[in-house]
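Right, one structure below, let's go through it.
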Amino acid sequence: KCSTITSARERIRCRINLKEENELNYLPEECRALNGSARGNCVSNYNLVQKCWEFARDEQRIGCAKKAFGLNGTVASQKAICEGLTGTERSKCILQLRDKVDTVVKFRLYNLEEKAEGLKGRGVSEELVVDFVSHIEQKKQEYNQATTAEQKKSIVRDVKELWQSFITKAKAQVKA
């Protein structure tokens with residue numbers, strides 16, 4: 001229903017106002033900026049965790065996403081397994097682990113968007129929610145383009161600041 005709108009911000013506004021998301025041919029904002037197999041992987045990852053939204057609590061949602069992406073145990077334990085391998089198997093394992101971690105990080109960003117959208121029903125203005133979700137969508141694209149761990153960490157720090165700012169503004173608008 002919202003996919004023909006050319007502006008990302010207005011697509012986000014449209015989607016936020018839908019009673020139910022239009023899953024048929026839905027292309028997540030993050031995936032729109034990608035091409036070829038990267039876009040296909042993005043959509044596959046998005047679809048893989050749809051069942052995780054059934055959980056009410058963050059820990060349950062994130063645990064579900066980790067399981068869906070195959071991130072079992074801690075990152076350190078997974079990395080230790082990779083370190084025990086040699087040659088191309090080791091390199092392949094580390095790259096797969098990096099991909100798993102990246103997908104879980106982005107799921108956490110989606111989770112913040114969902115939480116923000118949920119606050120709209122409690123009195124937080126549409127404008128504040130649209131602003132926040134638009135910024136997070138931009139941060140997901142920056143994260144996808146980041147090439148170093150430090151760049152990715154910087155983006156995560158930026159998101160934490162965006163979330164804190166959003167929550168501060170939202171608290172003033174929430175209806176008791």
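Please note that chains go A, B, ... in the order of the structure tokens, that every chain numbers its residues from 1, and that ligands are numbered from 1 in the order shown.
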message = Which residues are near Leu97 in chain A? Cut-off 8 Å, only C-alpha atoms, ignore same chain within fewer than 3 positions. Put them as a VMD selection string.
response = chain A and resid 71 75 78 to 79 93 to 94 100 to 101
Selection file, C-alpha atoms, as a tab-separated table (two decimals), in the first residue's frame:
```
chain	number	residue	atom	x	y	z
A	71	LEU	CA	23.95	-17.16	16.53
A	75	VAL	CA	29.80	-14.22	20.16
A	78	GLN	CA	31.32	-18.71	18.40
A	79	LYS	CA	34.55	-16.86	17.64
A	93	CYS	CA	33.57	-19.20	9.73
A	94	ILE	CA	34.65	-15.70	10.80
A	100	LYS	CA	25.23	-13.22	11.98
A	101	VAL	CA	26.28	-10.49	14.39
```
task = Give the alpha helix (DSSP H) residues of range 70-104 of chain A, as assigned by DSSP on the backbone, as a count of residues only.
result = 27
Applying 9 Å and only C-alpha atoms, which residues near Thr103 in chain A remain after dropping the ones on its own chain fewer than 4 positions away? List them as a tab-separated table (two decimals) with all heavy atoms, in the first residue's frame.
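Listing of part18.tsv after writing:
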```
chain	number	residue	atom	x	y	z
A	42	CYS	N	18.89	-9.42	2.33
A	42	CYS	CA	18.22	-8.50	3.25
A	42	CYS	C	16.76	-8.91	3.44
A	42	CYS	O	16.27	-9.02	4.57
A	42	CYS	CB	18.34	-7.07	2.73
A	42	CYS	SG	17.56	-5.82	3.78
A	45	ASN	N	16.52	-12.19	5.36
A	45	ASN	CA	16.76	-11.98	6.79
A	45	ASN	C	15.54	-11.35	7.45
A	45	ASN	O	15.16	-11.74	8.56
A	45	ASN	CB	18.00	-11.11	7.02
A	45	ASN	CG	19.28	-11.86	6.76
A	45	ASN	OD1	19.32	-13.09	6.81
A	45	ASN	ND2	20.34	-11.13	6.47
A	65	ALA	N	15.58	-13.91	17.41
A	65	ALA	CA	16.35	-13.49	16.23
A	65	ALA	C	17.71	-14.16	16.20
A	65	ALA	O	18.16	-14.62	15.14
A	65	ALA	CB	16.50	-11.97	16.21
A	66	LYS	N	18.37	-14.23	17.34
A	66	LYS	CA	19.68	-14.89	17.40
A	66	LYS	C	19.56	-16.33	16.94
A	66	LYS	O	20.39	-16.82	16.16
A	66	LYS	CB	20.25	-14.84	18.82
A	66	LYS	CG	20.80	-13.49	19.22
A	66	LYS	CD	21.34	-13.55	20.63
A	66	LYS	CE	22.00	-12.24	21.04
A	66	LYS	NZ	22.55	-12.30	22.40
A	69	PHE	N	18.97	-16.56	13.17
A	69	PHE	CA	20.17	-16.27	12.39
A	69	PHE	C	21.31	-17.24	12.68
A	69	PHE	O	22.39	-17.13	12.09
A	69	PHE	CB	20.65	-14.83	12.62
A	69	PHE	CG	19.68	-13.79	12.12
A	69	PHE	CD1	19.32	-12.72	12.92
A	69	PHE	CD2	19.14	-13.86	10.85
A	69	PHE	CE1	18.43	-11.76	12.48
A	69	PHE	CE2	18.26	-12.90	10.39
A	69	PHE	CZ	17.90	-11.85	11.21
A	98	ARG	N	30.49	-12.84	11.48
A	98	ARG	CA	30.32	-11.40	11.32
A	98	ARG	C	28.95	-11.08	10.74
A	98	ARG	O	28.26	-10.16	11.20
A	98	ARG	CB	31.43	-10.84	10.43
A	98	ARG	CG	31.46	-9.32	10.38
A	98	ARG	CD	32.63	-8.79	9.59
A	98	ARG	NE	33.88	-9.27	10.14
A	98	ARG	CZ	34.96	-9.55	9.42
A	98	ARG	NH1	34.96	-9.38	8.12
A	98	ARG	NH2	36.06	-9.97	10.01
A	99	ASP	N	28.54	-11.85	9.74
A	99	ASP	CA	27.21	-11.65	9.13
A	99	ASP	C	26.10	-11.89	10.15
A	99	ASP	O	25.12	-11.14	10.19
A	99	ASP	CB	27.02	-12.57	7.92
A	99	ASP	CG	27.80	-12.13	6.70
A	99	ASP	OD1	28.27	-10.97	6.68
A	99	ASP	OD2	27.95	-12.95	5.77
A	107	PHE	N	18.53	-6.29	13.62
A	107	PHE	CA	17.26	-6.68	14.21
A	107	PHE	C	16.97	-5.82	15.44
A	107	PHE	O	15.84	-5.40	15.67
A	107	PHE	CB	17.24	-8.16	14.60
A	107	PHE	CG	15.95	-8.57	15.25
A	107	PHE	CD1	14.84	-8.88	14.48
A	107	PHE	CD2	15.82	-8.59	16.63
A	107	PHE	CE1	13.63	-9.21	15.08
A	107	PHE	CE2	14.62	-8.92	17.24
A	107	PHE	CZ	13.52	-9.23	16.47
A	108	ARG	N	18.01	-5.56	16.23
A	108	ARG	CA	17.84	-4.70	17.41
A	108	ARG	C	17.37	-3.30	16.99
A	108	ARG	O	16.59	-2.67	17.70
A	108	ARG	CB	19.14	-4.62	18.20
A	108	ARG	CG	19.46	-5.89	18.96
A	108	ARG	CD	20.84	-5.77	19.61
A	108	ARG	NE	21.13	-6.87	20.48
A	108	ARG	CZ	20.94	-6.88	21.80
A	108	ARG	NH1	20.45	-5.82	22.40
A	108	ARG	NH2	21.25	-7.94	22.51
```
task = Between A:Val105, A:Gln151, A:Asn17, A:Ala80, single out the one closest to Ser125 in chain A, counting only C-alpha atoms.
result =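 With only C-alpha atoms as the atom set, the closest residue is A:Asn17.
The spacing separating CA of Ile81 in chain A from CA of Ser154 in chain A amounts to 27.0 Å.
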query = Which residue out of A:Cys14, A:Leu48, A:Val133, A:Leu34 has the minimum interatomic distance to Val159 in chain A when only C-alpha atoms are used?
reply = A:Val133
Minimum-distance residue to Asp58 in chain A, chosen among A:Cys31, A:Leu109, A:Val174, A:Ala8 (using only C-alpha atoms) =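 Using only C-alpha atoms, the shortest distance to Asp58 in chain A belongs to A:Leu109.
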ask   = Which residue out of A:Lys160, A:Val43, A:Ala172, A:Glu29 has the minimum interatomic distance to Glu10 in chain A when only C-alpha atoms are used?
value =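 Answer, going by the shortest atom-to-atom distance: A:Glu29.
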task = Tell me, as an MDAnalysis selection string, which residues lie within 10 Å of Gln50 in chain A, counting only C-alpha atoms; anything in the same chain fewer than 6 positions away does not count.
result = chainID A and resid 61 64:65 68
Would you output that residue set with N, CA and C atoms, as a short mmCIF file (atom, residue, chain, number, x, y, z; two decimals), in the first residue's frame?
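Result file follows (out.cif):
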```cif
data_model
loop_
_atom_site.label_atom_id
_atom_site.label_comp_id
_atom_site.auth_asym_id
_atom_site.auth_seq_id
_atom_site.Cartn_x
_atom_site.Cartn_y
_atom_site.Cartn_z
N ARG A 61 12.38 -11.44 21.98
CA ARG A 61 12.49 -11.12 20.55
C ARG A 61 13.93 -11.30 20.06
N CYS A 64 15.00 -14.90 19.98
CA CYS A 64 14.40 -15.53 18.80
C CYS A 64 15.20 -15.20 17.54
N ALA A 65 15.58 -13.91 17.41
CA ALA A 65 16.35 -13.49 16.23
C ALA A 65 17.71 -14.16 16.20
N ALA A 68 17.18 -17.61 15.03
CA ALA A 68 16.83 -17.62 13.61
C ALA A 68 18.05 -17.41 12.72
#
```
key: Residue contacts of range 143-150 of chain A (9 Å, only C-alpha atoms) excluding same-chain residues fewer than 6 positions away, as a ChimeraX atom specification   = /A:30,34,102,106,156
Deliver the residues from the most recent selection as a file, using C-alpha atoms, as a compact mmCIF listing (two decimals), in the first residue's frame.
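File produced: again-v3.txt:
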```
# COMPACT_ATOMS: atom_id res chain seq x y z
CA GLU A 30 16.81 -1.04 4.60
CA LEU A 34 20.64 -2.57 -1.74
CA ASP A 102 25.43 -7.78 11.84
CA LYS A 106 20.08 -4.65 12.68
CA VAL A 156 25.49 1.84 17.35
```
message = Report, in Å to a single decimal, how far apart CA of Lys152 in chain A and CA of Thr88 in chain A are.
response =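 CA of Thr88 in chain A sits 24.9 Å away from CA of Lys152 in chain A.
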